[in-house]
2 protein chains.
Amino acid sequence: MKSDLECLVCLFKQALNTVKIATPDTVLQREVINRVTEIVKTANLDLSPAEISTVVYRIVSEVTGIADPYKIIKQKTNQDALQLIPVLQRLIAEAKDPLDAALHIAAAGNVIDIGIGHPFDLENDIILSMTAPFSINDIESFRLELKPGVQLLYIGDNCGEIVFDRVLVEELLKHGITITFVVKSGPIINDATMEDAETVGMTDIVPVIETGSDDIGVNFNRVSKKFCQLFDTADIVLAKGHGNFETLIGIPKNIYFLLKAKCDVVAKELGVQKDYSVFKHQSGRC
Amino acid sequence: MKSDLECLVCLFKQALNTVKIATPDTVLQREVINRVTEIVKTANLDLSPAEISTVVYRIVSEVTGIADPYKIIKQKTNQDALQLIPVLQRLIAEAKDPLDAALHIAAAGNVIDIGIGHPFDLENDIILSMTAPFSINDIESFRLELKPGVQLLYIGDNCGEIVFDRVLVEELLKHGITITFVVKSGPIINDATMEDAETVGMTDIVPVIETGSDDIGVNFNRVSKKFCQLFDTADIVLAKGHGNFETLIGIPKNIYFLLKAKCDVVAKELGVQKDYSVFKHQSGRC
């Protein structure tokens, strides 16, 4: 999807939030803001928000010398989310429609603030999030596609959230399908990498591969041959979160997007209200 | 008060919101954003947010050729708020402590979104807003100062809100004090000007003067001699809203600030939580 002028404004917000996590040095913080002004002046709005904002995170790393500002946050969200696995598994097991419950739980992983509250509060947030219906819900066409032998490429998003993805993967495996899970090849925001996939046990249940790059979402100019081949041959792609939606919407491929519309620009693109979640099918026919 | 890096990020938000009101032309919108990047790169954070952001509104006017982008919004909020006068007057008349009620109503004028809802909804919003206690409340020292003959300079803020200020002015006049109300000399955001003071009948009850400039808040480098003299001789200054707080906090003068902390930077400066209102006394002793 294309970017909006709102995305340029958002770049500064993202830059400041991230550099504040990286360093308390206000001189470096100011340097990041000034470097971002250069990006904004020449930014091509025909690129996706993910493509434009990836550069901002690189600037933060360059200026501060910190390659992975979210490292501690990522570790904490993984650990907090791991404690929730028995709860998540029970919620799915007790559900009338386990697939629907697992999809809502995976969406909740993209919605709730893991790493902030106590496990008890998080459990309440999850249950609350599960009762909120998707604004777009293509679960029935998805259910029809889940036949034994079908190959599904699950493109993950954030740390913490990846634990919620794991319980959805466990549920999907019961349908006899083959799943490959995808993480980033290097740190970008709080996105999950191979280390996180190992920490949360994703590597124990399905093959996990990397995109081949440390871009937000999927950048086909920088992905690995292996990722590209698996993307090409997969029967179904399940793509989590903003970054994957922004970079894959419009690509001729059978994709299901699972995300919360966290800003007005993505909400408008989806045709839903901000702060609502969707499970949206893109049929792949041009 | 000084600015924070957050204020630089906020400049883009303010610029985009305003240029979108001024024109649907995305080329002009982009030009505004690019012009703001130049401001941001060289902005002196020792200046107040009001001083830095005033320039942004001038850029919007220069680029679009529209001197007063908020003109229609200002007229609508004035008309909507005028319909509420009987309600506001009744709420004060029925209150156990009319001064406290009038201060809360004047604060509510800074809080609620006049010009968006119906009068009926607005009435509910006002009542709700009146029941929220101020996070800082210096009403008792203010009450002690309200003696006959005392001169109070009331520095107004926005359109719509100025109607709420009018009912507070009416209540204050019962204490036998002398009041001069202050508006801007030219359009800046949705701030009230002389035309608005006339429209809402402020000029019928007290003398109304202009700051002498079209700056957000008070810019002592650009105010008129008349404003400066009245500010100097006033026994009490009552300053409404963000802009006046940002430019007058720290000035050695007996000032009462009445505002809602609408952003983290001002909330931090006040030492209160964001979205809460205060009636804060600055004693004027250095």
# chains A, B, ... in the order shown; residues from 1 in each chain; ligands from 1
call {"tool": "residues_around", "arguments": {"residues": "A:Asp4", "least_positions_apart": "6", "cutoff": "10 Å", "atoms": "only C-alpha atoms", "output": "list in words"}}
result
Cys10, Asn44, Leu45, Asp46, Leu47, Ser48, Pro49, Asp264, Val265 and Val266 of chain A; Thr26 and Arg30 of chain B
call {"tool": "closest_atom_pairs", "arguments": {"of": "chain A", "to": "chain B", "cutoff": "8 Å", "atoms": "only C-alpha atoms", "output": "tab-separated table"}}
result
residue	atom	partner	partner_atom	distance
A:Leu5	CA	B:Arg30	CA	7.0
A:Glu6	CA	B:Leu16	CA	7.5
A:Val9	CA	B:Phe12	CA	5.6
A:Phe12	CA	B:Val9	CA	5.5
A:Lys13	CA	B:Val9	CA	6.1
A:Leu16	CA	B:Glu6	CA	7.5
A:Gln29	CA	B:Leu5	CA	7.9
A:Arg30	CA	B:Leu5	CA	7.0
A:Ile33	CA	B:Lys41	CA	7.9
A:Asn34	CA	B:Lys41	CA	5.3
A:Thr37	CA	B:Thr37	CA	5.2
A:Glu38	CA	B:Thr37	CA	7.7
A:Val40	CA	B:Asn34	CA	7.2
A:Lys41	CA	B:Asn34	CA	5.3
call {"tool": "write_last_selection", "arguments": {"atoms": "C-alpha atoms", "output": "mmCIF file, in the first residue's frame"}}
result
data_model
loop_
_atom_site.group_PDB
_atom_site.id
_atom_site.type_symbol
_atom_site.label_atom_id
_atom_site.label_comp_id
_atom_site.auth_asym_id
_atom_site.auth_seq_id
_atom_site.Cartn_x
_atom_site.Cartn_y
_atom_site.Cartn_z
ATOM 1 C CA LEU A 5 1.232 12.351 4.680
ATOM 2 C CA GLU A 6 0.094 11.086 8.103
ATOM 3 C CA VAL A 9 4.214 12.693 10.759
ATOM 4 C CA PHE A 12 8.923 11.358 13.944
ATOM 5 C CA LYS A 13 6.797 9.710 16.616
ATOM 6 C CA LEU A 16 11.502 9.652 19.090
ATOM 7 C CA GLN A 29 17.779 12.166 20.302
ATOM 8 C CA ARG A 30 17.807 15.556 18.563
ATOM 9 C CA ILE A 33 14.939 13.893 14.714
ATOM 10 C CA ASN A 34 17.055 16.083 12.430
ATOM 11 C CA THR A 37 13.627 15.537 8.613
ATOM 12 C CA GLU A 38 15.914 14.699 5.679
ATOM 13 C CA VAL A 40 10.698 13.178 5.219
ATOM 14 C CA LYS A 41 11.622 15.876 2.721
#
call {"tool": "closest_residue", "arguments": {"among": "B:Gly201, B:Gly250, B:Gly243, B:Pro69", "to": "B:Glu51", "atoms": "only C-alpha atoms"}}
result
B:Gly243
call {"tool": "select_by_dssp", "arguments": {"residues": "stretch 14-60 of chain A", "states": "alpha helix (DSSP H)", "output": "ChimeraX atom specification"}}
result
/A:14-22,26-42,49-60
call {"tool": "select_by_dssp", "arguments": {"residues": "stretch 16-197 of chain A", "states": "strand (DSSP E)", "output": "PyMOL selection string"}}
result
chain A and resi 136-137+151-155+178-183
call {"tool": "write_last_selection", "arguments": {"atoms": "N, CA and C atoms", "output": "short mmCIF file (atom, residue, chain, number, x, y, z; two decimals), in the first residue's frame"}}
result
data_model
loop_
_atom_site.label_atom_id
_atom_site.label_comp_id
_atom_site.auth_asym_id
_atom_site.auth_seq_id
_atom_site.Cartn_x
_atom_site.Cartn_y
_atom_site.Cartn_z
N ILE A 136 -13.61 -7.43 9.79
CA ILE A 136 -13.69 -8.24 8.57
C ILE A 136 -13.32 -9.64 9.01
N ASN A 137 -14.17 -10.64 8.70
CA ASN A 137 -13.86 -11.99 9.18
C ASN A 137 -14.06 -13.02 8.07
N GLN A 151 0.02 -26.37 2.20
CA GLN A 151 1.21 -25.70 2.75
C GLN A 151 0.88 -24.25 3.12
N LEU A 152 1.08 -23.92 4.38
CA LEU A 152 0.79 -22.57 4.87
C LEU A 152 2.08 -21.88 5.33
N LEU A 153 2.28 -20.67 4.83
CA LEU A 153 3.43 -19.86 5.26
C LEU A 153 2.91 -18.81 6.23
N TYR A 154 3.37 -18.90 7.47
CA TYR A 154 2.87 -18.02 8.55
C TYR A 154 3.93 -16.95 8.79
N ILE A 155 3.66 -15.71 8.33
CA ILE A 155 4.65 -14.64 8.48
C ILE A 155 4.37 -13.89 9.78
N THR A 178 0.72 -28.36 6.53
CA THR A 178 2.15 -28.13 6.77
C THR A 178 2.37 -26.64 6.96
N ILE A 179 3.11 -26.30 8.01
CA ILE A 179 3.31 -24.87 8.31
C ILE A 179 4.79 -24.54 8.37
N THR A 180 5.16 -23.42 7.75
CA THR A 180 6.49 -22.85 7.96
C THR A 180 6.28 -21.46 8.56
N PHE A 181 6.98 -21.19 9.64
CA PHE A 181 6.85 -19.89 10.31
C PHE A 181 8.01 -19.00 9.88
N VAL A 182 7.73 -17.70 9.72
CA VAL A 182 8.75 -16.77 9.21
C VAL A 182 9.06 -15.68 10.23
N VAL A 183 10.36 -15.46 10.46
CA VAL A 183 10.82 -14.36 11.33
C VAL A 183 11.78 -13.48 10.53
#
call {"tool": "atom_distance", "arguments": {"atom1": "atom CA of A:Ile21", "atom2": "atom CA of A:Tyr70"}}
result
7.3 Å
call {"tool": "residues_around", "arguments": {"residues": "B:Ile216", "least_positions_apart": "4", "cutoff": "12 Å", "atoms": "only C-alpha atoms", "output": "PyMOL selection string"}}
result
chain B and resi 48-58+155-158+183-193+211-212+220+222-223+240-248
call {"tool": "atom_distance", "arguments": {"atom1": "atom CA of B:Cys159", "atom2": "atom CA of B:Met194"}}
result
10.7 Å
call {"tool": "closest_residue", "arguments": {"among": "B:Leu168, B:Val32, B:Ile236, B:Val200", "to": "B:Leu103", "atoms": "only C-alpha atoms"}}
result
B:Leu168
call {"tool": "residues_around", "arguments": {"residues": "A:Leu99", "least_positions_apart": "6", "cutoff": "12 Å", "atoms": "only C-alpha atoms", "output": "PyMOL selection string"}}
result
chain A and resi 89+91-93+105-106+139-140+142-144+146+167-175
